[in-house]
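Each remark here refers to the structure printed beneath this line.
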Amino acid sequence: MVDVAFTLQADRAFLDLVVEGVTPLVDRFEVTPETLWTVDRDAPDRFVPNGYFARFLELGRAHGKRFAAHGVGWSPGSADPDRDGRRARWLDATARTHAEFGFDWWTDHLGVTDLDGENLMLPLAVPMTDAMAAHVRDGLRAMAGVVPAVGLENSAFYYALGDPLDEPAFLAAALDGPRAHLLLDLHNLVVNADNLGFDADAWLARAPLEKVIEIHVSGGDVSEPAWLPDGRTLRLDSHDRAVPEEVWRRLAEVRPRCPNLRAVTLERMEGTVGPDDVAPLLEEVRRLREVVA
Amino acid sequence: MTLPAEYAAFERTVARALRAADPAAALRTASDDATLPDDLRAALRRAAPDGVRLAALLVARLRFERLMRGSDRAAARFERDPRGFADAFRRYHAEVAPTAFLPRDEAGLFEEWWSEAER
């Protein structure tokens, strides 16, 4: 059975609007561990739970939902991942979060967000070299020491540092080994294919689909013409719109090709759901169940 | 596994470029840097200029949102004078490295910069 899942955002207004309707429709919640942490005032180098930690935990326990973790701060491509004890800090906080939530798997984004000690937050492309693949793989092995399974998502990159059609092989190399999986984000794939100009079918044909543990679906806006000097617009991975039909079509097509798939997750960003958006959002969750059944 | 030292230099180059006034030009210049190995310079040459510009804008926007979440004072200043505050934020983003992870740490960095800027 493949679970239907939904992302819980650490935002009171978002939760107040969507949780009641979404909870009975899903099997699983996905949470971003970093949004459940704050800094320990007495030990600033240590993350401790914030208020959403208990709220999400209680929600899961009350309704019998399982959890998957989807991080945003691991930064697998950082050249010096343990600068200032950063990686040890993440491992410690993830282990303590997993002890309560019982994550079935943990994933983060391919790329780098922490560059030379600067936290840029946006996943940025890394050189797709053998050395980088081995480096990313070693980091995942460290994380696999604290959670049952690990994985990487194919990120939305607004520029590439090589041929985008080499990315599937790079991902396969980075995910080589047991308990390492691919989180296939279909919206990121179509965004990248449009923005970077490649064939999404060719990308999928090369991807290690036997490694897919989870699929993400979401929607997004396009950039404003004023943002770029030539007025060009690019698609954004903004999670602020309904899932486009192209993503639904790709989900139906690729789902049977992923023999180890365990969940399909609908992502939606906080601050992008108003009262009028709730009913269409719940309709998307119902449609998701029909597609993955 | 530890990456070769050139990767740290490469990473530093990308980080600085994404906060530069012209990020695409900064990366293009870096692709001629003879201290970087050929494969990393070739990787930089593959970066599409519009994509680099958009990524730089999104990095700034994410930082702005992090500041708004972490500082009621900064949010109030933005509310009072959106254009003036946006100009101030641009200077802050260019001058202060984004080392914060949590919103309240970003707020601390910004308040420190603001105090200095007001002197």
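Letters A, B, ... go to the chains of the structure tokens in the order shown; residues in each chain start at 1; ligands are counted from 1 in the same order.
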Would you give me, as CSV, each residue of chain A having an atom within 10 Å of an atom of chain B, along with its shortest atom pair and that distance in Å to one decimal, using only C-alpha atoms and sorting by chain and residue number?
residue,atom,partner,partner_atom,distance
A:Glu34,CA,B:Leu102,CA,9.2
A:Thr35,CA,B:Leu102,CA,9.3
A:Trp37,CA,B:Leu102,CA,9.0
A:Thr38,CA,B:Leu102,CA,7.4
A:Val39,CA,B:Leu102,CA,8.2
A:Gly73,CA,B:Phe101,CA,8.6
A:Gly77,CA,B:Glu11,CA,9.5
A:Ser78,CA,B:Glu11,CA,7.8
A:Ala79,CA,B:Ala8,CA,5.3
A:Asp80,CA,B:Ala8,CA,7.2
A:Pro81,CA,B:Thr2,CA,9.4
A:Val112,CA,B:Glu11,CA,9.1
A:Thr113,CA,B:Ala15,CA,9.6
A:Asp114,CA,B:Thr99,CA,8.7
A:Leu115,CA,B:Glu11,CA,5.6
A:Asp116,CA,B:Arg12,CA,5.4
A:Gly117,CA,B:Thr99,CA,6.2
A:Glu118,CA,B:Thr99,CA,4.7
A:Asn119,CA,B:Thr99,CA,5.4
A:Leu120,CA,B:Val59,CA,5.7
A:Met121,CA,B:Val59,CA,6.8
A:Leu122,CA,B:Val59,CA,6.0
A:Pro123,CA,B:Ala55,CA,9.3
A:Leu124,CA,B:Ala55,CA,8.0
A:Ala125,CA,B:Ala47,CA,9.3
A:Val126,CA,B:Ala43,CA,8.7
A:Pro127,CA,B:Ala43,CA,6.2
A:Met128,CA,B:Ala43,CA,8.5
A:Thr129,CA,B:Asp39,CA,8.4
A:Ala131,CA,B:Leu3,CA,6.6
A:Met132,CA,B:Leu3,CA,7.1
A:Ala134,CA,B:Met1,CA,6.9
A:His135,CA,B:Met1,CA,5.4
A:Val136,CA,B:Met1,CA,8.8
A:Arg137,CA,B:Met1,CA,8.9
A:Asp138,CA,B:Met1,CA,6.3
A:Gly139,CA,B:Met1,CA,8.5
A:Phe157,CA,B:Gly51,CA,8.1
A:Tyr158,CA,B:Gly51,CA,4.5
A:Tyr159,CA,B:Gly51,CA,4.6
A:Ala160,CA,B:Ala47,CA,5.4
A:Leu161,CA,B:Ala43,CA,4.5
A:Gly162,CA,B:Ala43,CA,5.7
A:Asp163,CA,B:Arg46,CA,8.0
A:Asn195,CA,B:Gly51,CA,8.1
A:Leu196,CA,B:Ala48,CA,8.2
A:Ser223,CA,B:Leu54,CA,8.4
A:Trp227,CA,B:Leu54,CA,7.3
A:Leu228,CA,B:Asp50,CA,6.7
A:Pro229,CA,B:Asp50,CA,8.4
A:Asp230,CA,B:Asp50,CA,8.8
A:Gly231,CA,B:Asp50,CA,10.0
A:Arg232,CA,B:Asp50,CA,8.1
A:Thr233,CA,B:Asp50,CA,9.2
A:Leu234,CA,B:Gly51,CA,8.2
A:Leu236,CA,B:Leu54,CA,9.6
Val26 in chain A environment, 6 Å, only C-alpha atoms, sequence neighbours closer than 3 positions dropped, as a list in words: Val4, Ala5 and Thr23 of chain A
Go ahead and write the selection's residues with N, CA, C and O atoms as a PDB file, in the first residue's frame.
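Here's the written file out-v2.pdb:
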ATOM      1  N   VAL A   4      -0.975   8.097   1.384  1.00  0.00           N
ATOM      2  CA  VAL A   4      -1.215   9.481   0.989  1.00  0.00           C
ATOM      3  C   VAL A   4      -0.771  10.353   2.161  1.00  0.00           C
ATOM      4  O   VAL A   4      -1.154  10.097   3.314  1.00  0.00           O
ATOM      5  N   ALA A   5       0.053  11.350   1.866  1.00  0.00           N
ATOM      6  CA  ALA A   5       0.607  12.162   2.952  1.00  0.00           C
ATOM      7  C   ALA A   5       0.437  13.648   2.653  1.00  0.00           C
ATOM      8  O   ALA A   5       0.215  14.048   1.499  1.00  0.00           O
ATOM      9  N   THR A  23      -6.703  15.814   7.963  1.00  0.00           N
ATOM     10  CA  THR A  23      -6.291  14.675   8.799  1.00  0.00           C
ATOM     11  C   THR A  23      -7.037  13.372   8.479  1.00  0.00           C
ATOM     12  O   THR A  23      -6.399  12.323   8.309  1.00  0.00           O
TER      13      THR A  23
END
Using DSSP secondary structure from the backbone, list all alpha helix (DSSP H) positions within chain B, as a VMD selection string. chain B and resid 5 to 17 23 to 30 38 to 45 49 to 70 72 to 80 82 to 95 103 to 118
Run DSSP on the backbone and grab whatever in range 98-158 of chain A lands in strand (DSSP E or B); send it over as JSON, numbers by chain. {"A": [106, 107, 108, 109, 112, 113, 114, 115, 118, 119, 120, 121, 122, 123, 124, 150, 151, 152, 153]}
The distance between CA of Ala252 in chain A and CA of Phe14 in chain A is 28.3 Å
Would you mind listing what lies within 12 Å of range 110-112 of chain B as a PDB file with N, CA, C and O atoms, in the first residue's frame, with only C-alpha atoms counted and same-chain residues fewer than 3 positions away left out?
ATOM      1  N   ARG B  63      15.807  35.456   2.765  1.00  0.00           N
ATOM      2  CA  ARG B  63      16.423  36.110   3.928  1.00  0.00           C
ATOM      3  C   ARG B  63      15.513  37.209   4.478  1.00  0.00           C
ATOM      4  O   ARG B  63      15.393  37.377   5.693  1.00  0.00           O
ATOM      5  N   PHE B  64      14.892  37.949   3.570  1.00  0.00           N
ATOM      6  CA  PHE B  64      13.958  38.995   3.995  1.00  0.00           C
ATOM      7  C   PHE B  64      12.813  38.375   4.806  1.00  0.00           C
ATOM      8  O   PHE B  64      12.437  38.884   5.873  1.00  0.00           O
ATOM      9  N   ARG B  66      12.848  35.604   6.425  1.00  0.00           N
ATOM     10  CA  ARG B  66      13.369  35.122   7.711  1.00  0.00           C
ATOM     11  C   ARG B  66      13.476  36.285   8.702  1.00  0.00           C
ATOM     12  O   ARG B  66      13.145  36.141   9.881  1.00  0.00           O
ATOM     13  N   LEU B  67      13.906  37.439   8.217  1.00  0.00           N
ATOM     14  CA  LEU B  67      14.003  38.619   9.079  1.00  0.00           C
ATOM     15  C   LEU B  67      12.620  39.045   9.550  1.00  0.00           C
ATOM     16  O   LEU B  67      12.428  39.363  10.736  1.00  0.00           O
ATOM     17  N   MET B  68      11.646  39.053   8.663  1.00  0.00           N
ATOM     18  CA  MET B  68      10.293  39.468   9.044  1.00  0.00           C
ATOM     19  C   MET B  68       9.707  38.533  10.106  1.00  0.00           C
ATOM     20  O   MET B  68       8.989  38.963  10.997  1.00  0.00           O
ATOM     21  N   GLY B  70      11.464  36.953  12.287  1.00  0.00           N
ATOM     22  CA  GLY B  70      12.250  37.014  13.521  1.00  0.00           C
ATOM     23  C   GLY B  70      12.209  38.338  14.238  1.00  0.00           C
ATOM     24  O   GLY B  70      12.599  38.426  15.404  1.00  0.00           O
ATOM     25  N   SER B  71      11.749  39.395  13.568  1.00  0.00           N
ATOM     26  CA  SER B  71      11.841  40.720  14.177  1.00  0.00           C
ATOM     27  C   SER B  71      10.566  41.520  13.967  1.00  0.00           C
ATOM     28  O   SER B  71      10.285  41.978  12.856  1.00  0.00           O
ATOM     29  N   ASP B  72       9.819  41.724  15.032  1.00  0.00           N
ATOM     30  CA  ASP B  72       8.627  42.582  14.943  1.00  0.00           C
ATOM     31  C   ASP B  72       9.038  44.021  14.641  1.00  0.00           C
ATOM     32  O   ASP B  72       8.314  44.750  13.975  1.00  0.00           O
ATOM     33  N   ARG B  73      10.211  44.417  15.156  1.00  0.00           N
ATOM     34  CA  ARG B  73      10.669  45.801  14.929  1.00  0.00           C
ATOM     35  C   ARG B  73      10.956  46.026  13.448  1.00  0.00           C
ATOM     36  O   ARG B  73      10.577  47.050  12.884  1.00  0.00           O
ATOM     37  N   ALA B  74      11.634  45.057  12.830  1.00  0.00           N
ATOM     38  CA  ALA B  74      11.926  45.198  11.404  1.00  0.00           C
ATOM     39  C   ALA B  74      10.627  45.183  10.596  1.00  0.00           C
ATOM     40  O   ALA B  74      10.472  45.959   9.646  1.00  0.00           O
ATOM     41  N   ALA B  75       9.694  44.330  10.991  1.00  0.00           N
ATOM     42  CA  ALA B  75       8.412  44.259  10.277  1.00  0.00           C
ATOM     43  C   ALA B  75       7.670  45.587  10.394  1.00  0.00           C
ATOM     44  O   ALA B  75       7.056  46.059   9.429  1.00  0.00           O
ATOM     45  N   ARG B  77       9.046  48.538  10.841  1.00  0.00           N
ATOM     46  CA  ARG B  77       9.753  49.530  10.008  1.00  0.00           C
ATOM     47  C   ARG B  77       9.351  49.363   8.536  1.00  0.00           C
ATOM     48  O   ARG B  77       9.143  50.341   7.818  1.00  0.00           O
ATOM     49  N   PHE B  85      12.746  50.866   3.672  1.00  0.00           N
ATOM     50  CA  PHE B  85      13.224  49.658   4.338  1.00  0.00           C
ATOM     51  C   PHE B  85      13.821  48.682   3.324  1.00  0.00           C
ATOM     52  O   PHE B  85      14.824  48.019   3.601  1.00  0.00           O
ATOM     53  N   ALA B  88      17.254  49.706   2.634  1.00  0.00           N
ATOM     54  CA  ALA B  88      18.124  49.366   3.775  1.00  0.00           C
ATOM     55  C   ALA B  88      18.427  47.866   3.770  1.00  0.00           C
ATOM     56  O   ALA B  88      19.571  47.449   3.992  1.00  0.00           O
ATOM     57  N   PHE B  89      17.413  47.071   3.478  1.00  0.00           N
ATOM     58  CA  PHE B  89      17.632  45.624   3.480  1.00  0.00           C
ATOM     59  C   PHE B  89      18.615  45.225   2.388  1.00  0.00           C
ATOM     60  O   PHE B  89      19.468  44.346   2.603  1.00  0.00           O
ATOM     61  N   ARG B  90      18.520  45.868   1.233  1.00  0.00           N
ATOM     62  CA  ARG B  90      19.466  45.560   0.139  1.00  0.00           C
ATOM     63  C   ARG B  90      20.910  45.791   0.604  1.00  0.00           C
ATOM     64  O   ARG B  90      21.801  44.982   0.339  1.00  0.00           O
ATOM     65  N   ARG B  91      21.116  46.926   1.296  1.00  0.00           N
ATOM     66  CA  ARG B  91      22.474  47.233   1.776  1.00  0.00           C
ATOM     67  C   ARG B  91      22.908  46.196   2.813  1.00  0.00           C
ATOM     68  O   ARG B  91      24.033  45.705   2.799  1.00  0.00           O
ATOM     69  N   TYR B  92      21.987  45.878   3.709  1.00  0.00           N
ATOM     70  CA  TYR B  92      22.278  44.877   4.747  1.00  0.00           C
ATOM     71  C   TYR B  92      22.664  43.542   4.113  1.00  0.00           C
ATOM     72  O   TYR B  92      23.673  42.930   4.492  1.00  0.00           O
ATOM     73  N   HIS B  93      21.889  43.112   3.134  1.00  0.00           N
ATOM     74  CA  HIS B  93      22.134  41.805   2.502  1.00  0.00           C
ATOM     75  C   HIS B  93      23.498  41.788   1.806  1.00  0.00           C
ATOM     76  O   HIS B  93      24.191  40.769   1.809  1.00  0.00           O
ATOM     77  N   GLU B  95      26.106  43.691   2.658  1.00  0.00           N
ATOM     78  CA  GLU B  95      27.213  43.958   3.589  1.00  0.00           C
ATOM     79  C   GLU B  95      27.401  42.877   4.653  1.00  0.00           C
ATOM     80  O   GLU B  95      28.514  42.691   5.160  1.00  0.00           O
ATOM     81  N   VAL B  96      26.327  42.198   5.030  1.00  0.00           N
ATOM     82  CA  VAL B  96      26.409  41.250   6.153  1.00  0.00           C
ATOM     83  C   VAL B  96      26.178  39.825   5.645  1.00  0.00           C
ATOM     84  O   VAL B  96      25.125  39.527   5.063  1.00  0.00           O
ATOM     85  N   ALA B  97      27.121  38.963   5.882  1.00  0.00           N
ATOM     86  CA  ALA B  97      26.985  37.567   5.442  1.00  0.00           C
ATOM     87  C   ALA B  97      25.812  36.895   6.153  1.00  0.00           C
ATOM     88  O   ALA B  97      25.617  37.105   7.356  1.00  0.00           O
ATOM     89  N   PRO B  98      25.036  36.108   5.418  1.00  0.00           N
ATOM     90  CA  PRO B  98      23.857  35.472   6.020  1.00  0.00           C
ATOM     91  C   PRO B  98      24.232  34.217   6.814  1.00  0.00           C
ATOM     92  O   PRO B  98      24.022  33.097   6.365  1.00  0.00           O
ATOM     93  N   THR B  99      24.738  34.425   7.988  1.00  0.00           N
ATOM     94  CA  THR B  99      25.209  33.296   8.792  1.00  0.00           C
ATOM     95  C   THR B  99      24.124  32.731   9.710  1.00  0.00           C
ATOM     96  O   THR B  99      24.321  31.687  10.321  1.00  0.00           O
ATOM     97  N   ALA B 100      22.987  33.428   9.814  1.00  0.00           N
ATOM     98  CA  ALA B 100      21.939  32.977  10.744  1.00  0.00           C
ATOM     99  C   ALA B 100      21.156  31.810  10.155  1.00  0.00           C
ATOM    100  O   ALA B 100      20.971  31.725   8.945  1.00  0.00           O
ATOM    101  N   PRO B 103      15.228  32.572  12.545  1.00  0.00           N
ATOM    102  CA  PRO B 103      14.774  33.958  12.355  1.00  0.00           C
ATOM    103  C   PRO B 103      15.275  34.912  13.442  1.00  0.00           C
ATOM    104  O   PRO B 103      15.653  36.041  13.151  1.00  0.00           O
ATOM    105  N   ARG B 104      15.291  34.466  14.676  1.00  0.00           N
ATOM    106  CA  ARG B 104      15.693  35.404  15.730  1.00  0.00           C
ATOM    107  C   ARG B 104      17.183  35.737  15.626  1.00  0.00           C
ATOM    108  O   ARG B 104      17.596  36.830  16.032  1.00  0.00           O
ATOM    109  N   ASP B 105      17.975  34.834  15.096  1.00  0.00           N
ATOM    110  CA  ASP B 105      19.393  35.143  14.900  1.00  0.00           C
ATOM    111  C   ASP B 105      19.579  36.142  13.753  1.00  0.00           C
ATOM    112  O   ASP B 105      20.447  37.004  13.799  1.00  0.00           O
ATOM    113  N   GLU B 106      18.746  35.996  12.715  1.00  0.00           N
ATOM    114  CA  GLU B 106      18.769  36.977  11.624  1.00  0.00           C
ATOM    115  C   GLU B 106      18.388  38.348  12.172  1.00  0.00           C
ATOM    116  O   GLU B 106      18.989  39.375  11.810  1.00  0.00           O
ATOM    117  N   ALA B 107      17.379  38.363  13.047  1.00  0.00           N
ATOM    118  CA  ALA B 107      16.956  39.625  13.651  1.00  0.00           C
ATOM    119  C   ALA B 107      18.109  40.258  14.423  1.00  0.00           C
ATOM    120  O   ALA B 107      18.322  41.478  14.353  1.00  0.00           O
ATOM    121  N   SER B 115      21.932  49.424  13.936  1.00  0.00           N
ATOM    122  CA  SER B 115      22.506  50.354  14.924  1.00  0.00           C
ATOM    123  C   SER B 115      23.753  51.018  14.363  1.00  0.00           C
ATOM    124  O   SER B 115      23.950  52.224  14.514  1.00  0.00           O
ATOM    125  N   GLU B 116      24.590  50.211  13.723  1.00  0.00           N
ATOM    126  CA  GLU B 116      25.814  50.760  13.123  1.00  0.00           C
ATOM    127  C   GLU B 116      25.465  51.741  11.999  1.00  0.00           C
ATOM    128  O   GLU B 116      26.069  52.807  11.883  1.00  0.00           O
ATOM    129  N   ALA B 117      24.497  51.363  11.179  1.00  0.00           N
ATOM    130  CA  ALA B 117      24.140  52.190  10.026  1.00  0.00           C
ATOM    131  C   ALA B 117      23.548  53.525  10.450  1.00  0.00           C
ATOM    132  O   ALA B 117      23.688  54.526   9.748  1.00  0.00           O
ATOM    133  N   GLU B 118      22.899  53.553  11.598  1.00  0.00           N
ATOM    134  CA  GLU B 118      22.262  54.788  12.068  1.00  0.00           C
ATOM    135  C   GLU B 118      23.252  55.769  12.672  1.00  0.00           C
ATOM    136  O   GLU B 118      22.932  56.930  12.862  1.00  0.00           O
ATOM    137  N   ARG B 119      24.433  55.285  13.013  1.00  0.00           N
ATOM    138  CA  ARG B 119      25.419  56.170  13.668  1.00  0.00           C
ATOM    139  C   ARG B 119      25.949  57.232  12.722  1.00  0.00           C
ATOM    140  O   ARG B 119      26.147  56.988  11.559  1.00  0.00           O
TER     141      ARG B 119
END
Would you tabulate, counting only C-alpha atoms, all residues of range 234-278 of chain A that have an atom at most 12 Å from an atom of range 51-67 of chain A, showing the closest pair of atoms and their distance in Å to one decimal, sorted by chain then ascending number, as a Markdown table?
| residue | atom | partner | partner_atom | distance |
| --- | --- | --- | --- | --- |
| A:Arg262 | CA | A:Arg66 | CA | 11.8 |
| A:Ala263 | CA | A:Phe67 | CA | 10.6 |
| A:Thr265 | CA | A:Phe67 | CA | 11.4 |
I'd like to know which of A:Leu175, A:Ala93, A:Val19, A:Leu183 is closest to Pro49 in chain A, using only C-alpha atoms.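 Nearest candidate to Pro49 in chain A out of A:Leu175, A:Ala93, A:Val19, A:Leu183: A:Ala93.
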What does the structure give for the distance between CA of Asp276 in chain A and CA of Ala242 in chain A, in Å to one decimal?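 Computed distance, CA of Asp276 in chain A to CA of Ala242 in chain A, equals 12.6 Å.
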Could you jot down the CA of Asp82 in chain A to CA of Arg141 in chain A separation for me, Å, one decimal place?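 Computing the Euclidean distance for CA of Asp82 in chain A and CA of Arg141 in chain A yields 14.5 Å.
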Which residues are near Thr107 in chain A? Cut-off 7 Å, only C-alpha atoms, ignore same chain within fewer than 6 positions. Put them as a VMD selection string. chain A and resid 69 to 71 150 to 153
Would you save the residues of that selection, restricted to N, CA, C and O atoms, as a PDB file, in the first residue's frame?
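The resulting out17.pdb:
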ATOM      1  N   ALA A  69      10.200  12.543   7.712  1.00  0.00           N
ATOM      2  CA  ALA A  69      10.899  13.812   7.899  1.00  0.00           C
ATOM      3  C   ALA A  69      11.427  14.297   6.557  1.00  0.00           C
ATOM      4  O   ALA A  69      11.960  13.507   5.769  1.00  0.00           O
ATOM      5  N   HIS A  70      11.289  15.614   6.328  1.00  0.00           N
ATOM      6  CA  HIS A  70      11.826  16.207   5.099  1.00  0.00           C
ATOM      7  C   HIS A  70      12.572  17.484   5.482  1.00  0.00           C
ATOM      8  O   HIS A  70      11.960  18.526   5.706  1.00  0.00           O
ATOM      9  N   GLY A  71      13.878  17.360   5.585  1.00  0.00           N
ATOM     10  CA  GLY A  71      14.682  18.460   6.088  1.00  0.00           C
ATOM     11  C   GLY A  71      14.978  19.527   5.056  1.00  0.00           C
ATOM     12  O   GLY A  71      14.788  19.331   3.843  1.00  0.00           O
ATOM     13  N   VAL A 150      17.175   6.945   4.615  1.00  0.00           N
ATOM     14  CA  VAL A 150      17.496   8.324   4.249  1.00  0.00           C
ATOM     15  C   VAL A 150      17.240   8.522   2.760  1.00  0.00           C
ATOM     16  O   VAL A 150      17.073   7.547   2.012  1.00  0.00           O
ATOM     17  N   GLY A 151      17.231   9.773   2.344  1.00  0.00           N
ATOM     18  CA  GLY A 151      17.032  10.014   0.919  1.00  0.00           C
ATOM     19  C   GLY A 151      17.292  11.448   0.528  1.00  0.00           C
ATOM     20  O   GLY A 151      17.469  12.327   1.368  1.00  0.00           O
ATOM     21  N   LEU A 152      17.321  11.649  -0.781  1.00  0.00           N
ATOM     22  CA  LEU A 152      17.502  12.981  -1.351  1.00  0.00           C
ATOM     23  C   LEU A 152      16.380  13.264  -2.328  1.00  0.00           C
ATOM     24  O   LEU A 152      15.949  12.377  -3.067  1.00  0.00           O
ATOM     25  N   GLU A 153      15.957  14.508  -2.332  1.00  0.00           N
ATOM     26  CA  GLU A 153      14.975  14.973  -3.312  1.00  0.00           C
ATOM     27  C   GLU A 153      15.692  15.610  -4.490  1.00  0.00           C
ATOM     28  O   GLU A 153      16.673  16.334  -4.303  1.00  0.00           O
TER      29      GLU A 153
END
Let me make sure I understand: among A:Leu110, A:Val264, A:Leu25, A:Val278, which one has the smallest atom-to-atom distance to Ala174 in chain A if we use only C-alpha atoms? A:Leu110
Residues within 10 Å of Thr7 in chain A, only C-alpha atoms, excluding chain neighbours under 3 positions, as a PyMOL selection string: chain A and resi 10+28-32+67-70+216+265-270
